[in-house]
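What's in target_23.cif: mmCIF, C-alpha atoms and all ligand atoms
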data_target
#
loop_
_atom_site.group_PDB
_atom_site.id
_atom_site.type_symbol
_atom_site.label_atom_id
_atom_site.label_comp_id
_atom_site.auth_asym_id
_atom_site.auth_seq_id
_atom_site.Cartn_x
_atom_site.Cartn_y
_atom_site.Cartn_z
ATOM 1 C CA MET T 28 0.000 0.000 0.000
ATOM 2 C CA PRO T 29 1.414 3.487 -0.850
ATOM 3 C CA LEU T 30 2.422 5.702 2.106
ATOM 4 C CA PRO T 31 -0.296 8.411 1.775
ATOM 5 C CA ALA T 32 -3.002 5.757 1.746
ATOM 6 C CA LEU T 33 -1.450 4.166 4.834
ATOM 7 C CA GLN T 34 -1.362 7.551 6.602
ATOM 8 C CA ARG T 35 -5.020 8.171 5.701
ATOM 9 C CA LEU T 36 -5.936 4.771 7.148
ATOM 10 C CA GLU T 37 -3.979 5.550 10.308
ATOM 11 C CA ARG T 38 -5.775 8.924 10.741
ATOM 12 C CA LYS T 39 -9.097 7.142 10.229
ATOM 13 C CA PHE T 40 -8.216 4.639 12.984
ATOM 14 C CA GLU T 41 -7.186 7.428 15.365
ATOM 15 C CA GLN T 42 -10.434 9.242 14.660
ATOM 16 C CA GLN T 43 -12.430 6.056 15.431
ATOM 17 C CA ILE T 44 -10.473 5.513 18.645
ATOM 18 C CA ARG T 45 -11.106 9.122 19.813
ATOM 19 C CA LEU T 46 -14.797 8.715 19.005
ATOM 20 C CA PHE T 47 -14.916 5.445 20.924
ATOM 21 C CA GLU T 48 -13.144 7.061 23.939
ATOM 22 C CA THR T 49 -15.709 9.873 24.015
ATOM 23 C CA LYS T 50 -18.611 7.428 23.717
ATOM 24 C CA LYS T 51 -17.084 5.052 26.314
ATOM 25 C CA GLY T 52 -17.104 7.820 28.938
ATOM 26 C CA ALA T 53 -20.744 8.591 28.210
ATOM 27 C CA ILE T 54 -21.714 4.895 28.281
ATOM 28 C CA GLU T 55 -19.887 4.417 31.617
ATOM 29 C CA ARG T 56 -21.682 7.413 33.098
ATOM 30 C CA GLU T 57 -25.002 6.009 31.838
ATOM 31 C CA ILE T 58 -24.258 2.598 33.377
ATOM 32 C CA ASP T 59 -23.320 4.267 36.700
ATOM 33 C CA ARG T 60 -26.580 6.222 36.616
ATOM 34 C CA HIS T 61 -28.543 3.028 36.036
ATOM 35 C CA ILE T 62 -26.721 1.207 38.831
ATOM 36 C CA GLU T 63 -27.411 4.095 41.216
ATOM 37 C CA LEU T 64 -31.060 4.117 40.213
ATOM 38 C CA PHE T 65 -31.263 0.360 40.675
ATOM 39 C CA GLU T 66 -29.607 0.576 44.128
ATOM 40 C CA ARG T 67 -32.060 3.276 45.186
ATOM 41 C CA LYS T 68 -35.042 1.246 43.965
ATOM 42 C CA LYS T 69 -33.646 -1.882 45.612
ATOM 43 C CA GLY T 70 -33.316 -0.015 48.948
ATOM 44 C CA VAL T 71 -36.906 1.223 48.727
ATOM 45 C CA LEU T 72 -38.124 -2.274 47.844
ATOM 46 C CA GLU T 73 -36.142 -3.845 50.695
ATOM 47 C CA ARG T 74 -37.570 -1.370 53.192
ATOM 48 C CA LYS T 75 -41.080 -2.077 51.866
ATOM 49 C CA ILE T 76 -40.582 -5.859 52.198
ATOM 50 C CA GLU T 77 -39.178 -5.393 55.705
ATOM 51 C CA GLN T 78 -42.148 -3.239 56.722
ATOM 52 C CA LYS T 79 -44.579 -5.795 55.277
ATOM 53 C CA PHE T 80 -42.775 -8.631 57.055
ATOM 54 C CA GLU T 81 -42.809 -6.751 60.381
ATOM 55 C CA ALA T 82 -46.518 -5.976 59.978
ATOM 56 C CA GLN T 83 -47.270 -9.656 59.224
ATOM 57 C CA LYS T 84 -45.174 -10.762 62.196
ATOM 58 C CA LYS T 85 -47.053 -8.359 64.463
ATOM 59 C CA LYS T 86 -50.390 -9.555 63.118
ATOM 60 C CA ILE T 87 -49.486 -13.242 63.626
ATOM 61 C CA GLY T 88 -48.158 -12.434 67.112
ATOM 62 C CA GLN T 89 -51.432 -10.702 67.997
ATOM 63 C CA THR T 90 -53.460 -13.641 66.643
ATOM 64 C CA ILE T 91 -51.389 -16.119 68.672
ATOM 65 C CA GLU T 92 -51.742 -13.973 71.806
ATOM 66 C CA SER T 93 -55.501 -13.700 71.401
ATOM 67 C CA GLN T 94 -55.771 -17.474 70.756
ATOM 68 C CA LYS T 95 -53.648 -18.110 73.832
ATOM 69 C CA LYS T 96 -55.914 -15.870 75.916
ATOM 70 C CA LYS T 97 -58.999 -17.676 74.563
ATOM 71 C CA ILE T 98 -57.500 -21.090 75.406
ATOM 72 C CA GLU T 99 -56.478 -19.862 78.856
ATOM 73 C CA THR T 100 -60.020 -18.540 79.475
ATOM 74 C CA HIS T 101 -61.429 -21.944 78.433
ATOM 75 C CA ILE T 102 -58.999 -23.689 80.765
ATOM 76 C CA ARG T 103 -59.975 -21.354 83.651
ATOM 77 C CA LEU T 104 -63.682 -22.040 83.009
ATOM 78 C CA PHE T 105 -63.051 -25.796 82.801
ATOM 79 C CA GLU T 106 -61.052 -25.680 86.027
ATOM 80 C CA GLN T 107 -63.799 -23.726 87.813
ATOM 81 C CA LYS T 108 -66.454 -26.143 86.571
ATOM 82 C CA LYS T 109 -64.521 -29.266 87.540
ATOM 83 C CA GLY T 110 -62.798 -27.847 90.630
ATOM 84 C CA LEU T 111 -59.392 -28.655 89.084
ATOM 85 C CA ARG T 112 -56.097 -26.812 88.656
ATOM 86 C CA LEU T 113 -54.631 -27.470 85.239
ATOM 87 C CA ASP T 114 -52.095 -24.622 85.134
ATOM 88 C CA ASP T 115 -49.174 -26.849 86.017
ATOM 89 C CA GLU T 116 -50.189 -29.527 83.528
ATOM 90 C CA VAL T 117 -50.443 -26.884 80.801
ATOM 91 C CA ARG T 118 -47.122 -25.284 81.761
ATOM 92 C CA PHE T 119 -45.475 -28.670 81.850
ATOM 93 C CA PHE T 120 -46.912 -29.779 78.547
ATOM 94 C CA ARG T 121 -45.744 -26.518 76.958
ATOM 95 C CA SER T 122 -42.239 -27.086 78.312
ATOM 96 C CA TRP T 123 -42.240 -30.692 77.058
ATOM 97 C CA PHE T 124 -43.482 -29.511 73.665
ATOM 98 C CA GLU T 125 -40.603 -27.025 73.405
ATOM 99 C CA LYS T 126 -37.874 -29.271 74.889
ATOM 100 C CA PRO T 127 -39.040 -32.895 75.084
ATOM 101 C CA LEU T 128 -35.693 -34.405 76.054
ATOM 102 C CA ALA T 129 -34.893 -31.891 78.791
ATOM 103 C CA THR T 130 -38.385 -31.927 80.284
ATOM 104 C CA GLY T 131 -38.499 -35.703 80.144
ATOM 105 C CA ALA T 132 -42.245 -36.068 80.813
ATOM 106 C CA VAL T 133 -45.476 -34.694 79.407
ATOM 107 C CA THR T 134 -47.077 -34.143 82.771
ATOM 108 C CA PRO T 135 -45.832 -33.391 86.306
ATOM 109 C CA SER T 136 -45.460 -36.275 88.738
ATOM 110 C CA GLY T 137 -48.656 -37.333 90.441
ATOM 111 C CA LYS T 138 -49.211 -36.995 94.177
ATOM 112 C CA ALA T 139 -48.524 -40.670 94.932
ATOM 113 C CA LEU T 140 -45.117 -40.622 93.227
ATOM 114 C CA ALA T 141 -44.212 -37.282 94.849
ATOM 115 C CA ARG T 142 -45.201 -38.681 98.276
ATOM 116 C CA THR T 143 -43.134 -41.827 97.682
ATOM 117 C CA MET T 144 -40.078 -39.684 96.875
ATOM 118 C CA ALA T 145 -40.583 -37.387 99.859
ATOM 119 C CA GLY T 146 -41.095 -40.461 102.065
ATOM 120 C CA TYR T 147 -37.357 -41.220 101.835
ATOM 121 C CA ILE T 148 -36.518 -37.864 103.455
ATOM 122 C CA ASP T 149 -36.287 -37.506 107.212
ATOM 123 C CA PRO T 150 -37.045 -33.832 108.009
ATOM 124 C CA ALA T 151 -35.400 -34.259 111.439
ATOM 125 C CA ILE T 152 -31.943 -34.648 109.849
ATOM 126 C CA PRO T 153 -30.479 -31.133 109.603
ATOM 127 C CA GLY T 154 -29.000 -29.567 106.476
ATOM 128 C CA PRO T 155 -30.138 -28.308 103.120
ATOM 129 C CA ILE T 156 -32.237 -30.506 100.855
ATOM 130 C CA ILE T 157 -31.356 -30.181 97.193
ATOM 131 C CA GLU T 158 -33.995 -30.855 94.570
ATOM 132 C CA LEU T 159 -32.831 -31.297 90.985
ATOM 133 C CA GLY T 160 -35.339 -30.644 88.199
ATOM 134 C CA PRO T 161 -38.283 -29.663 90.431
ATOM 135 C CA GLY T 162 -40.347 -28.554 87.421
ATOM 136 C CA THR T 163 -43.637 -27.070 88.640
ATOM 137 C CA GLY T 164 -42.946 -28.439 92.131
ATOM 138 C CA PRO T 165 -45.084 -31.524 92.892
ATOM 139 C CA VAL T 166 -42.207 -33.189 94.756
ATOM 140 C CA THR T 167 -41.332 -29.884 96.455
ATOM 141 C CA GLU T 168 -44.915 -29.722 97.688
ATOM 142 C CA ALA T 169 -44.678 -33.288 99.025
ATOM 143 C CA LEU T 170 -41.392 -32.459 100.787
ATOM 144 C CA VAL T 171 -42.996 -29.465 102.502
ATOM 145 C CA ALA T 172 -46.046 -31.601 103.411
ATOM 146 C CA GLN T 173 -43.569 -34.120 104.901
ATOM 147 C CA GLY T 174 -42.370 -31.394 107.287
ATOM 148 C CA VAL T 175 -39.389 -29.918 105.420
ATOM 149 C CA ASP T 176 -39.035 -26.169 105.996
ATOM 150 C CA PRO T 177 -39.035 -24.529 102.495
ATOM 151 C CA ALA T 178 -36.084 -22.361 103.631
ATOM 152 C CA ARG T 179 -33.951 -25.538 103.627
ATOM 153 C CA LEU T 180 -34.701 -26.235 99.987
ATOM 154 C CA VAL T 181 -32.218 -25.593 97.201
ATOM 155 C CA LEU T 182 -34.115 -25.998 93.937
ATOM 156 C CA VAL T 183 -32.030 -26.424 90.780
ATOM 157 C CA GLU T 184 -34.096 -26.034 87.637
ATOM 158 C CA PHE T 185 -33.142 -25.414 84.027
ATOM 159 C CA ASN T 186 -36.415 -23.918 82.822
ATOM 160 C CA PRO T 187 -36.651 -20.159 83.676
ATOM 161 C CA HIS T 188 -40.489 -20.208 83.666
ATOM 162 C CA PHE T 189 -40.542 -23.006 86.231
ATOM 163 C CA CYS T 190 -37.935 -21.076 88.291
ATOM 164 C CA ARG T 191 -40.194 -18.005 88.356
ATOM 165 C CA LEU T 192 -43.128 -20.140 89.475
ATOM 166 C CA LEU T 193 -41.071 -21.852 92.191
ATOM 167 C CA ARG T 194 -39.854 -18.479 93.513
ATOM 168 C CA GLN T 195 -43.469 -17.326 93.797
ATOM 169 C CA ARG T 196 -44.584 -20.512 95.526
ATOM 170 C CA TYR T 197 -41.567 -20.950 97.817
ATOM 171 C CA PRO T 198 -40.207 -17.440 98.466
ATOM 172 C CA THR T 199 -37.890 -18.629 101.262
ATOM 173 C CA ALA T 200 -36.339 -21.442 99.194
ATOM 174 C CA THR T 201 -33.163 -20.958 97.153
ATOM 175 C CA VAL T 202 -34.032 -21.321 93.486
ATOM 176 C CA LEU T 203 -31.094 -21.693 91.117
ATOM 177 C CA GLN T 204 -31.644 -21.525 87.397
ATOM 178 C CA GLY T 205 -28.951 -23.683 85.861
ATOM 179 C CA ASP T 206 -27.688 -27.055 84.718
ATOM 180 C CA ALA T 207 -27.948 -29.649 87.462
ATOM 181 C CA TYR T 208 -25.282 -31.728 85.707
ATOM 182 C CA SER T 209 -22.791 -29.024 86.753
ATOM 183 C CA LEU T 210 -23.843 -29.378 90.373
ATOM 184 C CA ARG T 211 -20.475 -28.783 92.052
ATOM 185 C CA ARG T 212 -19.854 -25.579 90.088
ATOM 186 C CA LEU T 213 -23.439 -24.380 90.508
ATOM 187 C CA LEU T 214 -23.453 -24.838 94.294
ATOM 188 C CA ALA T 215 -19.843 -23.761 94.937
ATOM 189 C CA GLY T 216 -19.708 -21.771 98.186
ATOM 190 C CA LEU T 217 -23.488 -21.869 98.658
ATOM 191 C CA LEU T 218 -23.979 -24.634 101.224
ATOM 192 C CA GLN T 219 -23.057 -23.760 104.805
ATOM 193 C CA GLN T 220 -23.294 -27.413 105.868
ATOM 194 C CA PRO T 221 -23.530 -30.832 104.147
ATOM 195 C CA ALA T 222 -26.850 -31.528 102.472
ATOM 196 C CA ALA T 223 -29.276 -33.922 104.162
ATOM 197 C CA ALA T 224 -30.552 -35.280 100.824
ATOM 198 C CA VAL T 225 -30.725 -34.838 97.097
ATOM 199 C CA VAL T 226 -34.050 -35.462 95.394
ATOM 200 C CA SER T 227 -33.969 -35.666 91.630
ATOM 201 C CA GLY T 228 -36.646 -35.531 88.962
ATOM 202 C CA LEU T 229 -34.080 -35.230 86.181
ATOM 203 C CA PRO T 230 -34.665 -37.439 83.138
ATOM 204 C CA LEU T 231 -31.349 -39.237 83.775
ATOM 205 C CA PHE T 232 -31.680 -41.722 80.912
ATOM 206 C CA THR T 233 -31.410 -38.900 78.375
ATOM 207 C CA LYS T 234 -27.761 -38.512 79.471
ATOM 208 C CA PRO T 235 -24.796 -40.861 78.908
ATOM 209 C CA LEU T 236 -23.866 -43.117 81.816
ATOM 210 C CA ARG T 237 -20.653 -41.239 82.641
ATOM 211 C CA THR T 238 -22.634 -37.965 83.010
ATOM 212 C CA ARG T 239 -25.110 -39.685 85.345
ATOM 213 C CA LEU T 240 -22.258 -41.158 87.396
ATOM 214 C CA ARG T 241 -20.506 -37.798 87.648
ATOM 215 C CA LEU T 242 -23.757 -36.227 88.857
ATOM 216 C CA VAL T 243 -24.313 -38.737 91.671
ATOM 217 C CA GLN T 244 -20.654 -38.577 92.707
ATOM 218 C CA GLU T 245 -20.831 -34.753 92.859
ATOM 219 C CA ALA T 246 -24.063 -35.058 94.858
ATOM 220 C CA PHE T 247 -22.480 -37.532 97.315
ATOM 221 C CA ALA T 248 -19.607 -35.093 97.833
ATOM 222 C CA LEU T 249 -22.129 -32.431 98.936
ATOM 223 C CA MET T 250 -24.068 -34.721 101.296
ATOM 224 C CA LEU T 251 -23.691 -36.276 104.739
ATOM 225 C CA PRO T 252 -22.391 -39.883 104.560
ATOM 226 C CA GLY T 253 -25.302 -42.269 104.074
ATOM 227 C CA ALA T 254 -27.668 -39.444 102.992
ATOM 228 C CA PRO T 255 -30.136 -40.407 100.252
ATOM 229 C CA PHE T 256 -29.983 -39.497 96.585
ATOM 230 C CA VAL T 257 -33.623 -40.054 95.591
ATOM 231 C CA GLN T 258 -34.431 -40.495 91.914
ATOM 232 C CA PHE T 259 -37.551 -41.520 90.062
ATOM 233 C CA THR T 260 -37.644 -43.212 86.689
ATOM 234 C CA TYR T 261 -40.243 -44.572 84.278
ATOM 235 C CA ALA T 262 -37.719 -47.183 83.145
ATOM 236 C CA THR T 263 -37.683 -50.744 84.440
ATOM 237 C CA VAL T 264 -34.012 -50.593 85.448
ATOM 238 C CA SER T 265 -32.026 -48.314 87.719
ATOM 239 C CA PRO T 266 -30.439 -45.312 85.951
ATOM 240 C CA ILE T 267 -27.328 -45.905 88.114
ATOM 241 C CA PRO T 268 -25.586 -49.308 87.772
ATOM 242 C CA LYS T 269 -25.745 -51.654 90.771
ATOM 243 C CA ALA T 270 -22.037 -52.376 91.203
ATOM 244 C CA LEU T 271 -20.893 -48.931 92.327
ATOM 245 C CA ASP T 272 -18.160 -48.835 94.936
ATOM 246 C CA ARG T 273 -19.604 -48.310 98.489
ATOM 247 C CA VAL T 274 -23.005 -47.292 97.103
ATOM 248 C CA ARG T 275 -26.137 -48.995 98.418
ATOM 249 C CA GLN T 276 -29.322 -49.034 96.362
ATOM 250 C CA GLU T 277 -32.951 -49.669 97.150
ATOM 251 C CA ALA T 278 -36.107 -49.282 95.078
ATOM 252 C CA SER T 279 -39.738 -48.572 95.834
ATOM 253 C CA ASP T 280 -42.598 -50.579 94.429
ATOM 254 C CA ARG T 281 -43.757 -49.361 91.056
ATOM 255 C CA VAL T 282 -46.186 -46.463 91.520
ATOM 256 C CA TRP T 283 -48.894 -47.655 89.127
ATOM 257 C CA SER T 284 -51.182 -44.679 89.676
ATOM 258 C CA ASN T 285 -48.606 -42.324 88.177
ATOM 259 C CA ILE T 286 -48.850 -41.515 84.477
ATOM 260 C CA PRO T 287 -46.715 -43.193 83.272
ATOM 261 C CA PRO T 288 -46.077 -45.634 86.145
ATOM 262 C CA ALA T 289 -42.748 -44.950 87.810
ATOM 263 C CA ARG T 290 -40.361 -46.325 90.419
ATOM 264 C CA VAL T 291 -38.216 -44.510 92.970
ATOM 265 C CA TRP T 292 -34.564 -45.456 93.408
ATOM 266 C CA VAL T 293 -32.475 -44.420 96.417
ATOM 267 C CA TYR T 294 -28.674 -44.409 96.400
ATOM 268 C CA ARG T 295 -26.551 -43.925 99.531
ATOM 269 C CA LYS T 296 -22.789 -43.741 99.862
ATOM 270 C CA ASP T 297 -21.300 -44.798 103.204
HETATM 271 C C1 LIG T 301 -39.354 -35.250 84.320
HETATM 272 S S1 LIG T 301 -39.435 -33.538 84.757
HETATM 273 C C2 LIG T 301 -39.764 -33.712 86.519
HETATM 274 C C3 LIG T 301 -40.354 -32.466 87.129
HETATM 275 C C4 LIG T 301 -40.842 -32.618 88.561
HETATM 276 N N1 LIG T 301 -39.789 -33.003 89.461
HETATM 277 C C5 LIG T 301 -41.956 -33.631 88.619
HETATM 278 O O1 LIG T 301 -41.736 -34.660 89.218
HETATM 279 O O2 LIG T 301 -43.021 -33.368 88.049
HETATM 280 C C6 LIG T 301 -37.741 -33.032 84.654
HETATM 281 C C7 LIG T 301 -37.446 -31.621 85.096
HETATM 282 O O3 LIG T 301 -36.045 -31.468 85.091
HETATM 283 C C8 LIG T 301 -35.702 -30.229 84.486
HETATM 284 N N2 LIG T 301 -34.354 -30.394 83.911
HETATM 285 C C9 LIG T 301 -33.991 -31.150 82.841
HETATM 286 N N3 LIG T 301 -32.674 -31.088 82.641
HETATM 287 C C10 LIG T 301 -32.187 -30.284 83.608
HETATM 288 C C11 LIG T 301 -30.877 -29.846 83.937
HETATM 289 N N4 LIG T 301 -29.822 -30.232 83.230
HETATM 290 N N5 LIG T 301 -30.725 -29.032 85.000
HETATM 291 C C12 LIG T 301 -31.805 -28.638 85.742
HETATM 292 N N6 LIG T 301 -33.063 -29.021 85.464
HETATM 293 C C13 LIG T 301 -33.249 -29.837 84.420
HETATM 294 C C14 LIG T 301 -36.791 -30.006 83.445
HETATM 295 O O4 LIG T 301 -36.898 -28.650 83.092
HETATM 296 C C15 LIG T 301 -38.015 -30.543 84.194
HETATM 297 O O5 LIG T 301 -38.578 -29.538 84.974
#
Will you turn the file into C-alpha cells for me?
Ligand SMILES: C[S@@+](CC[C@H](N)C(=O)[O-])C[C@H]1O[C@@H](n2cnc3c(N)ncnc32)[C@H](O)[C@@H]1O
Amino acid sequence: MPLPALQRLERKFEQQIRLFETKKGAIEREIDRHIELFERKKGVLERKIEQKFEAQKKKIGQTIESQKKKIETHIRLFEQKKGLRLDDEVRFFRSWFEKPLATGAVTPSGKALARTMAGYIDPAIPGPIIELGPGTGPVTEALVAQGVDPARLVLVEFNPHFCRLLRQRYPTATVLQGDAYSLRRLLAGLLQQPAAAVVSGLPLFTKPLRTRLRLVQEAFALMLPGAPFVQFTYATVSPIPKALDRVRQEASDRVWSNIPPARVWVYRKD
C-alpha cells in the first residue's frame, strides 16, 4: 500500500479511537446512573418488604396472643367447673413440647409418686435438701407436706419459667436456674453445711452413663455420709448401675397410679 493511503488509514483509525473514547465515557456514566437508580429502587423495595414482614409478624403475634388468651379462658372455666387446677399440667406440657428431652415427661409427677419420693426424706436430719429438676414443684410440695421447711430447699431447675413459678410458691427457698449436671460448680460456696438429701426428677436416661455417674458422685460429695440421693424413673431398670463402689441401692414398688407408672430409686454412699 502506498504511504499516503497508509497515513489516511492511520488517521481514520485514530479518529475512530477518539470517538470510541468519548462514547465510552458517556456509556460508563449512563451505566453508573442506572446502577445508582437500581440501588435506590432496591433499597426502597427492601424497606417495603421489611415493613410488610414486620406488619405480618405483628399480626401473627397478635393472633397467637388472642388465641392463647382464649385457650387460657377456656382452661380457667373448665377448672372452675370441675374444681381442678390445670395450670401446672399446661405449663409442663408446653415445656415438654418445646424441649421434650430436657423436660423428660409430658405431665408433672402425680401426688402418689411425689409422696413416695418425699417419704425417703427424714425432716429431722439437719441440712439443706437439694432438689434437681423440680419442674412445677409436685415433689417440692410433698417435701414441705412431709415437714421440710421450704427455707432448707435448694431448687435447681433449668427452665426459667418453672424457676419463676417456684420463687413465687416458695419465696424462702433458694431457686437456682442452671444445669444440674454441673452441680459442684453451681453450688460452689453456697452450702453452709452438708446436704441432708438430694431429690432428683431429672430425666437421667437422656444422658450418657458417665454424666449420670458424675452427677451422683458430685451429689455424694455435697451430702452427709449415708444421705439419700432419691431419683424416680419410668424405666424398668435403675439409671445408676448396681455395682458402684460403696453405694447402696434400694427401690420402691412401682407407683402404678402415676402416668406413666414410675419407680423410685435411692442411692446412699457410706
Ligand atoms: C421429668 S421432669 C420432673 C419435674 C418434677 N420433678 C416432677 O416430678 O413433676 C424433669 C425436670 O427437670 C428439668 N431439667 C432437665 N434437665 C435439667 C438440667 N440439666 N438441669 C436442671 N433441670 C433440668 C426439666 O426442666 C423438668 O422440669
Enclose the full set of atoms of ligand LIG 301 (chain T) listed in the file within a box whose edges lie along x, y and z, apply 6 Å of padding to each of the six sides, and report centre and edge lengths in Å to one decimal as lines of an AutoDock Vina configuration file.
center_x = -36.4
center_y = -31.9
center_z = 86.1
size_x = 25.2
size_y = 18.6
size_z = 18.8
(request) Mind giving me the straight-line distance from CA of Ala254 in chain T to CA of Lys296 in chain T in Å, one decimal? (result) 7.2 Å
(request) Take the PyMOL selection byres (((chain T and resi 165-171) around 9) and not hetatm), apply it to the structure above, and return the hits as a PyMOL selection string. (result) chain T and resi 135-138+140-146+148+150+158+161-164+172-177+180+182+226+228
(message) Taking all atoms listed in the file into account, list the residues no farther than 10 Å from ligand LIG 301 (chain T), as a ChimeraX atom specification.
(response) /T:115-116,119,122-123,126-138,140-141,144,158-167,182-190,203-210,226-231,233-234,258-261
(message) Can you spell out as a ChimeraX atom specification the set of residues that the PyMOL selection byres (((chain T and resi 224) around 8) and not hetatm) selects in the structure I just provided?
(response) /T:148,155-157,222-223,225-226,250-251,254-257
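Distance-wise, CA of Lys79 in chain T and CA of Lys95 in chain T end up 24.0 Å apart.
Closest approach to Phe232 in chain T among T:Ala262, T:Leu213, T:Val117, T:Ile87 is made by T:Ala262 (distances from all atoms listed in the file).
Atom pair CA of Arg194 in chain T / CA of Tyr147 in chain T has a distance of 24.3 Å (rounded to one decimal).
A distance cut-off of 7 Å around (-29.4, -44.3, 85.0), counting all atoms listed in the file, selects these protein and nucleic acid residues: Leu231, Phe232, Leu236, Arg239, Ser265, Pro266, Ile267 and Pro268 of chain T.
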